[in-house]
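Enquirer: Pasting input.cif below, which is mmCIF, C-alpha atoms.
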data_target
#
loop_
_atom_site.label_atom_id
_atom_site.label_comp_id
_atom_site.auth_asym_id
_atom_site.auth_seq_id
_atom_site.Cartn_x
_atom_site.Cartn_y
_atom_site.Cartn_z
CA MET L 19 84.72 164.77 -2.71
CA LEU L 20 80.93 164.71 -2.79
CA MET L 21 80.95 162.94 -6.16
CA LEU L 22 83.51 160.44 -4.83
CA GLN L 23 81.29 159.68 -1.84
CA ILE L 24 78.20 159.23 -4.02
CA SER L 25 80.12 157.01 -6.46
CA SER L 26 81.34 154.89 -3.55
CA LEU L 27 77.76 154.35 -2.38
CA PHE L 28 76.68 153.09 -5.80
CA TYR L 29 79.75 150.89 -6.34
CA GLY L 30 79.49 149.46 -2.83
CA TYR L 31 75.81 148.64 -3.17
CA PHE L 32 76.07 146.98 -6.57
CA ASN L 33 79.18 145.05 -5.48
CA LEU L 34 77.09 143.05 -2.96
CA HIS L 35 73.79 143.20 -4.81
CA GLY L 36 72.68 139.73 -5.93
CA VAL L 37 75.24 137.86 -3.79
CA LYS L 38 73.81 134.70 -2.18
CA LEU L 39 75.29 133.34 1.04
CA GLU L 40 74.37 129.87 2.31
CA LEU L 41 75.56 128.29 5.55
CA LEU L 42 76.37 124.67 4.75
CA ASP L 43 77.55 123.37 8.10
CA ILE L 44 79.16 124.25 11.43
CA ARG L 45 81.63 121.65 12.59
CA ASN L 46 81.43 120.40 16.18
CA ASN L 47 84.66 120.53 18.13
CA PHE L 48 86.17 120.26 21.61
CA CYS L 49 86.38 123.20 24.00
CA GLY L 50 89.69 125.01 23.53
CA ASN L 51 89.68 124.41 19.79
CA HIS L 52 87.54 126.22 17.26
CA ASN L 53 84.37 125.49 15.33
CA GLU L 54 84.43 126.07 11.60
CA ALA L 55 81.43 127.44 9.73
CA LYS L 56 81.39 126.50 6.05
CA PHE L 57 79.60 128.70 3.51
CA ARG L 58 78.64 128.65 -0.13
CA VAL L 59 78.93 132.06 -1.78
CA SER L 60 77.34 132.48 -5.19
CA SER L 61 77.07 135.45 -7.49
CA LYS L 62 76.59 136.05 -11.21
CA LYS L 63 79.35 138.66 -11.14
CA ASN L 64 82.70 139.19 -9.44
CA VAL L 65 82.56 140.33 -5.80
CA ILE L 66 85.43 142.37 -4.38
CA SER L 67 86.57 142.69 -0.75
CA LEU L 68 83.99 140.36 0.79
CA SER L 69 83.99 139.59 4.51
CA VAL L 70 81.79 137.13 6.43
CA SER L 71 81.94 136.81 10.21
CA SER L 72 79.75 135.90 13.16
CA ALA L 73 77.83 138.79 14.64
CA GLU L 74 77.36 136.94 17.97
CA TYR L 75 80.56 135.00 18.68
CA ASP L 76 84.27 135.81 18.54
CA SER L 77 85.39 134.75 15.09
CA ASP L 78 87.91 135.01 12.31
CA GLY L 79 85.81 135.42 9.19
CA LEU L 80 86.48 135.58 5.50
CA THR L 81 88.56 138.70 5.18
CA ASP L 82 89.30 140.59 1.97
CA SER L 83 88.10 137.65 -0.12
CA ASN L 84 87.59 138.34 -3.80
CA ILE L 85 84.99 135.98 -5.26
CA PHE L 86 85.42 135.56 -8.98
CA GLU L 87 83.20 132.48 -9.25
CA SER L 88 80.65 130.67 -7.10
CA THR L 89 82.37 128.67 -4.40
CA SER L 90 81.42 126.42 -1.48
CA GLY L 91 84.77 126.26 0.28
CA GLN L 92 84.59 129.45 2.33
CA ILE L 93 85.34 129.01 6.04
CA ALA L 94 84.77 131.27 9.05
CA THR L 95 86.25 130.27 12.41
CA LEU L 96 84.25 130.58 15.64
CA TYR L 97 85.94 130.74 19.05
CA LEU L 98 83.84 129.55 22.00
CA GLN L 99 85.25 129.05 25.48
CA GLN L 100 82.50 127.01 27.13
CA ARG L 101 81.04 123.62 26.33
CA GLY L 102 77.41 123.52 25.30
CA LYS L 103 74.89 123.49 22.49
CA TYR L 104 74.84 126.65 20.39
CA GLN L 105 72.70 128.21 17.69
CA GLY L 106 74.44 129.37 14.52
CA GLY L 107 72.83 132.74 15.05
CA LYS L 108 73.59 135.79 12.95
CA PHE L 109 76.39 136.08 10.38
CA LYS L 110 77.36 139.41 8.84
CA ILE L 111 78.33 139.71 5.16
CA HIS L 112 80.21 142.93 4.66
CA SER L 113 82.24 144.92 2.14
CA CYS L 114 83.96 148.31 2.15
CA TYR L 115 84.57 148.34 -1.61
CA PRO L 116 85.68 150.40 -3.51
CA PHE L 117 87.70 152.94 -1.49
CA GLY L 118 86.88 152.08 2.12
CA LEU L 119 84.71 155.18 2.36
CA VAL L 120 81.42 153.30 2.78
CA ASN L 121 80.35 150.05 4.39
CA VAL L 122 77.74 147.79 2.85
CA TRP L 123 76.44 144.81 4.82
CA SER L 124 73.63 142.34 5.28
CA TYR L 125 72.88 139.48 7.69
CA LEU L 126 72.29 135.77 7.40
CA VAL L 127 70.32 134.34 10.33
CA SER L 128 70.63 130.59 10.90
CA ASP L 129 68.97 128.24 13.37
CA LYS L 130 71.54 125.49 12.69
CA THR L 131 72.86 124.04 15.95
CA PHE L 132 76.37 122.91 16.79
CA TYR L 133 78.20 121.58 19.84
CA VAL L 134 81.28 122.45 21.83
CA TYR L 135 82.34 119.24 23.56
CA PRO L 136 84.10 119.15 26.97
CA THR L 137 87.88 119.14 26.78
CA PRO L 138 89.03 115.50 27.12
CA GLN L 139 90.99 114.98 30.34
CA LYS L 140 93.17 111.91 30.38
CA CYS L 141 92.29 109.40 33.07
CA PRO L 142 92.21 105.61 33.56
CA LEU L 143 89.48 103.93 31.57
CA ASP L 144 87.57 102.10 34.30
CA LEU L 145 85.45 99.56 32.49
CA HIS L 146 82.37 98.82 34.56
CA GLU L 147 80.11 96.05 33.41
CA ALA L 148 76.68 96.99 32.21
CA GLN L 149 73.64 95.76 34.06
CA ASP L 150 72.73 92.09 33.92
CA LEU L 151 76.15 90.99 32.73
CA GLY L 152 77.83 89.11 35.58
CA GLU L 153 81.45 88.52 36.61
CA GLU L 154 82.55 86.64 33.50
CA ALA L 155 81.50 89.50 31.27
CA GLU L 156 83.42 91.99 33.40
CA LEU L 157 86.62 89.96 33.16
CA LEU L 158 86.25 89.67 29.41
CA ALA L 159 85.57 93.40 29.11
CA LYS L 160 88.93 94.20 30.69
CA ARG L 161 90.86 92.23 28.08
CA SER L 162 92.78 94.15 25.44
CA ASP L 163 91.90 94.04 21.77
CA SER L 164 95.29 92.40 21.24
CA LEU L 165 93.80 89.18 22.62
CA ASP L 166 91.27 89.01 19.80
CA GLU L 167 92.01 86.90 16.75
CA PHE L 168 92.05 88.54 13.33
CA SER L 169 89.46 86.85 11.12
CA GLY L 170 89.59 88.89 7.91
CA LEU L 171 88.57 92.11 6.17
CA LYS L 172 85.10 93.35 5.32
CA PRO L 173 83.82 96.46 3.50
CA TYR L 174 83.61 99.63 5.59
CA GLN L 175 80.12 100.97 6.28
CA LYS L 176 79.19 104.29 7.83
CA GLY L 177 79.15 104.07 11.61
CA MET L 178 81.86 101.39 11.88
CA ASN L 179 84.85 101.99 14.13
CA ARG L 180 87.31 103.97 12.00
CA ASN L 181 90.23 102.77 14.10
CA ARG L 182 89.78 99.33 12.53
CA ILE L 183 90.22 100.57 8.95
CA SER L 184 93.07 98.81 7.15
CA TRP L 185 94.97 101.84 5.86
CA ARG L 186 97.68 99.68 4.35
CA HIS L 187 95.09 97.98 2.18
CA PHE L 188 93.55 101.37 1.29
CA ALA L 189 96.93 102.77 0.22
CA LYS L 190 97.47 99.76 -2.02
CA ASN L 191 94.01 99.20 -3.53
CA HIS L 192 92.09 102.43 -2.71
CA GLU L 193 89.34 100.40 -1.04
CA LEU L 194 88.05 101.00 2.50
CA LEU L 195 88.05 97.75 4.46
CA VAL L 196 87.86 97.15 8.20
CA LYS L 197 89.61 94.48 10.21
CA ASP L 198 87.25 91.91 11.68
CA TYR L 199 88.17 90.12 14.91
CA THR L 200 86.84 87.21 16.88
CA GLY L 201 87.50 87.24 20.57
CA GLY L 202 86.25 87.62 24.07
CA ASN L 203 85.52 91.33 24.35
CA HIS L 204 83.02 91.64 21.51
CA GLY L 205 79.38 91.75 22.53
CA ILE L 206 80.38 92.91 26.04
CA SER L 207 78.54 96.07 27.06
CA LEU L 208 80.40 98.51 29.30
CA THR L 209 79.04 101.45 31.28
CA LEU L 210 80.74 104.83 31.67
CA ASP L 211 79.13 106.21 34.83
CA TYR L 212 79.16 109.87 35.94
CA SER L 213 78.73 108.89 39.60
CA LEU L 214 81.89 106.73 39.53
CA VAL L 215 84.18 109.52 38.26
CA GLU L 216 85.86 111.85 40.78
CA GLY L 217 86.10 115.62 40.62
CA THR L 218 83.95 118.67 40.02
CA LYS L 219 81.16 118.55 37.47
CA GLU L 220 83.34 119.93 34.66
CA THR L 221 86.20 117.59 35.60
CA ARG L 222 83.88 114.59 35.54
CA LEU L 223 82.49 115.53 32.14
CA SER L 224 86.00 116.02 30.76
CA LYS L 225 87.06 112.63 32.06
CA LEU L 226 83.95 110.96 30.64
CA CYS L 227 84.66 112.65 27.31
CA TYR L 228 88.11 111.06 27.30
CA GLN L 229 86.65 107.68 28.29
CA VAL L 230 84.09 107.83 25.45
CA LEU L 231 86.88 108.46 22.92
CA GLU L 232 89.10 105.79 24.45
CA ALA L 233 86.35 103.16 24.60
CA ASP L 234 85.59 103.85 20.94
CA ARG L 235 89.27 103.63 20.04
CA LEU L 236 89.51 100.23 21.71
CA GLY L 237 86.40 99.02 19.93
CA HIS L 238 84.25 98.50 23.04
CA GLU L 239 80.48 98.67 23.06
CA PHE L 240 79.53 101.02 25.88
CA ALA L 241 76.70 102.85 27.61
CA LEU L 242 76.87 106.33 29.14
CA LYS L 243 75.13 107.03 32.44
CA LEU L 244 74.59 110.69 33.35
CA PRO L 245 72.45 112.20 36.15
CA GLY L 246 68.86 111.40 35.22
CA PHE L 247 69.84 110.19 31.76
CA LEU L 248 71.12 106.97 30.19
CA ILE L 249 72.36 106.30 26.67
CA GLN L 250 71.99 102.61 25.95
CA ALA L 251 75.03 100.53 25.07
CA SER L 252 76.11 100.69 21.44
CA ASN L 253 79.16 101.55 19.35
CA GLY L 254 80.13 103.33 16.16
CA GLU L 255 80.48 106.92 15.05
CA LYS L 256 76.81 107.87 15.54
CA HIS L 257 76.83 106.55 19.11
CA VAL L 258 80.02 108.45 19.97
CA HIS L 259 78.53 111.72 18.65
CA ALA L 260 75.37 111.15 20.69
CA CYS L 261 77.45 110.64 23.85
CA LEU L 262 79.61 113.72 23.23
CA GLU L 263 76.53 115.85 22.57
CA SER L 264 74.95 114.64 25.81
CA LEU L 265 78.12 115.54 27.74
CA SER L 266 78.02 119.00 26.16
CA GLU L 267 74.47 119.62 27.35
CA CYS L 268 74.73 118.00 30.80
#
Would it be possible to restate this file's structure as structure tokens?
Expert:
Amino acid sequence: MLMLQISSLFYGYFNLHGVKLELLDIRNNFCGNHNEAKFRVSSKKNVISLSVSSAEYDSDGLTDSNIFESTSGQIATLYLQQRGKYQGGKFKIHSCYPFGLVNVWSYLVSDKTFYVYPTPQKCPLDLHEAQDLGEEAELLAKRSDSLDEFSGLKPYQKGMNRNRISWRHFAKNHELLVKDYTGGNHGISLTLDYSLVEGTKETRLSKLCYQVLEADRLGHEFALKLPGFLIQASNGEKHVHACLESLSEC
């Protein structure tokens, strides 16, 4: 039994020796869902019974994974119950190879940040005109996208509204194009205002989260006004992420 224990120590140590673990990204998500941490695991030899999990948050890690070649598709799932901005923190790489008699582990410490957004709460999208716009702009802002006239297709660029992608054209020609419209609601800046939404603080943030997603879906340019903070009117994927991150930290 003593020889078995000593052999286990050596096998366990050399099983993890030389393994490199790199945190590639932690995906932002909405409260109530989960955030996924993506890793790259590399080793010059086979690694048996490898586990990676968060040492700070509730998580489902890589469990009993056998790595026979370097891979970058490994996922660990983090479960967080409150909105906010988080640090990646400490991840534990662990193995109980070969017989489960010994545990060998090490830690990866990351300062990568990620966000848990408020849970969207469905509510009417009250479109308030931005400052210095006037009554005509407000009326135009309340028009539906269906009133706009289709003018053609143009190449998709990062940051464009993904809801305007012509998926039918993509399925046929494998080319990402977006639908371009001419109409009354383009160029109209809307304001999503914390003070104009009813409810507790968390309820207001959840409703604003829904309004941000809905305004983006409808293709509106919008600003977000929070207590002591204003995000200027804009649109596109980058703007939406900035608004959701601000709601997370409010």
Enquirer: For Val120 of chain L, list every protein, DNA or RNA residue within 10 Å, evaluated using all atoms listed in the file, and leave out those in the same chain fewer than 6 positions away; present the list as number ranges by chain.
Expert: L: 23-24, 26-31, 113-114
Enquirer: As an mmCIF file with C-alpha atoms, in the coordinates of the input, please: the residues near Asn253 of chain L (cut-off 8 Å, all atoms listed in the file, same-chain neighbours under 3 positions excluded).
Expert:
data_model
loop_
_atom_site.group_PDB
_atom_site.id
_atom_site.type_symbol
_atom_site.label_atom_id
_atom_site.label_comp_id
_atom_site.auth_asym_id
_atom_site.auth_seq_id
_atom_site.Cartn_x
_atom_site.Cartn_y
_atom_site.Cartn_z
ATOM 1 C CA MET L 178 81.860 101.390 11.880
ATOM 2 C CA ASN L 179 84.850 101.990 14.130
ATOM 3 C CA ASP L 234 85.590 103.850 20.940
ATOM 4 C CA GLY L 237 86.400 99.020 19.930
ATOM 5 C CA HIS L 238 84.250 98.500 23.040
ATOM 6 C CA GLU L 239 80.480 98.670 23.060
ATOM 7 C CA PHE L 240 79.530 101.020 25.880
ATOM 8 C CA LYS L 256 76.810 107.870 15.540
ATOM 9 C CA HIS L 257 76.830 106.550 19.110
ATOM 10 C CA VAL L 258 80.020 108.450 19.970
#
Enquirer: Check the smallest atom-to-atom distance from each of L:Phe109, L:Tyr228, L:Tyr104, L:Tyr125 to Asn46 of chain L using all atoms listed in the file, then report the winner.
Expert: L:Tyr104
Enquirer: Kindly extract all protein, DNA and RNA residues lying within 6 Å of the coordinates (85.2, 97.4, 0.2) given in the file, considering only C-alpha atoms, and supply them as a list in words.
Expert: Pro173, Glu193, Leu194 and Leu195 of chain L
Enquirer: Selected residues, C-alpha atoms, written as a PDB file, in the coordinates of the input, please.
Expert:
ATOM      1  CA  PRO L 173      83.820  96.460   3.500  1.00  0.00           C
ATOM      2  CA  GLU L 193      89.340 100.400  -1.040  1.00  0.00           C
ATOM      3  CA  LEU L 194      88.050 101.000   2.500  1.00  0.00           C
ATOM      4  CA  LEU L 195      88.050  97.750   4.460  1.00  0.00           C
TER       5      LEU L 195
END
Enquirer: For a test of reading the model, state the distance in Å between atom CA of Lys38 of chain L and atom CA of Ser60 of chain L, rounded to one decimal.
Expert: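 Answer for the atom CA of Lys38 of chain L to atom CA of Ser60 of chain L separation: 5.1 Å.
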Enquirer: Please evaluate the PyMOL selection byres ((chain L and resi 225) around 9) against the structure above and give the resulting residues as a list in words.
Expert: Pro136, Thr137, Pro138, Gln139, Lys140, Cys141, Pro142, Val215, Glu216, Glu220, Thr221, Arg222, Leu223, Ser224, Leu226, Cys227, Tyr228, Gln229 and Val230 of chain L
Enquirer: Save out the residues we just selected, C-alpha atoms, as an mmCIF file, in the coordinates of the input.
Expert:
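out_12.cif written:
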data_model
loop_
_atom_site.group_PDB
_atom_site.id
_atom_site.type_symbol
_atom_site.label_atom_id
_atom_site.label_comp_id
_atom_site.auth_asym_id
_atom_site.auth_seq_id
_atom_site.Cartn_x
_atom_site.Cartn_y
_atom_site.Cartn_z
ATOM 1 C CA PRO L 136 84.100 119.150 26.970
ATOM 2 C CA THR L 137 87.880 119.140 26.780
ATOM 3 C CA PRO L 138 89.030 115.500 27.120
ATOM 4 C CA GLN L 139 90.990 114.980 30.340
ATOM 5 C CA LYS L 140 93.170 111.910 30.380
ATOM 6 C CA CYS L 141 92.290 109.400 33.070
ATOM 7 C CA PRO L 142 92.210 105.610 33.560
ATOM 8 C CA VAL L 215 84.180 109.520 38.260
ATOM 9 C CA GLU L 216 85.860 111.850 40.780
ATOM 10 C CA GLU L 220 83.340 119.930 34.660
ATOM 11 C CA THR L 221 86.200 117.590 35.600
ATOM 12 C CA ARG L 222 83.880 114.590 35.540
ATOM 13 C CA LEU L 223 82.490 115.530 32.140
ATOM 14 C CA SER L 224 86.000 116.020 30.760
ATOM 15 C CA LEU L 226 83.950 110.960 30.640
ATOM 16 C CA CYS L 227 84.660 112.650 27.310
ATOM 17 C CA TYR L 228 88.110 111.060 27.300
ATOM 18 C CA GLN L 229 86.650 107.680 28.290
ATOM 19 C CA VAL L 230 84.090 107.830 25.450
#
Enquirer: What is the atom CA of Tyr97 of chain L-atom CA of Asp43 of chain L distance in Å, reported with one decimal?
Expert: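 Here the two named atoms are 15.6 Å from each other.
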Enquirer: Find the spatial neighbours of Phe132 of chain L, counting only C-alpha atoms, within a cut-off of 12 Å - ignore same-chain residues fewer than 5 positions away - and output them as a list in words.
Expert: Asp43, Ile44, Arg45, Asn46, Asn47, Phe48, His52, Asn53, Glu54, Ala55, Leu96, Leu98, Arg101, Gly102, Lys103, Tyr104, Gln105, Gly106, Gly107, His259, Leu262, Glu263, Ser266 and Glu267 of chain L
Enquirer: Could you tell me which residues the PyMOL selection byres ((chain L and resi 35) around 12) grabs in this file, written as a count of residues only?
Expert: 25
Enquirer: Quick check, in Å to one decimal: how far apart do atom CA of Ala94 of chain L and atom CA of Glu40 of chain L lie?
Expert: 12.5 Å
Enquirer: Looking at all atoms listed in the file, which of L:Leu210, L:Lys108, L:Leu22, L:Ala73 is the one that sits closest to Glu232 of chain L?
Expert: L:Leu210
Enquirer: Find, counting all atoms listed in the file, the residue in L:Gln175, L:Thr209, L:Asn191, L:Gln99 that gets nearest to Glu255 of chain L.
Expert: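 The shortest atom-to-atom distance to Glu255 of chain L comes from L:Gln175.
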Enquirer: I'd like the contact shell of Ile249 of chain L - 9 Å cut-off, all atoms listed in the file, skipping same-chain residues fewer than 6 positions apart - returned as a ChimeraX atom specification.
Expert: /L:240-243,257,260-261,264
Enquirer: Check the smallest atom-to-atom distance from each of L:Ile183, L:Leu171, L:Leu41, L:Ile93 to Ser128 of chain L using all atoms listed in the file, then report the winner.
Expert: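 The closest residue to Ser128 of chain L is L:Leu41.
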Enquirer: So, with only C-alpha atoms as the atoms that count, which of L:Lys110, L:Arg58, L:Lys130, L:Lys197 lies closest to Lys172 of chain L?
Expert: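 Among the listed residues, the smallest separation from Lys172 of chain L belongs to L:Lys197.
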Enquirer: Name the closest residue to Met19 of chain L among the candidates L:Leu119, L:Gly254, L:Tyr174, L:Leu265; distances are taken between atoms, counting all atoms listed in the file.
Expert: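 So, comparing all the options, the nearest one is L:Leu119.
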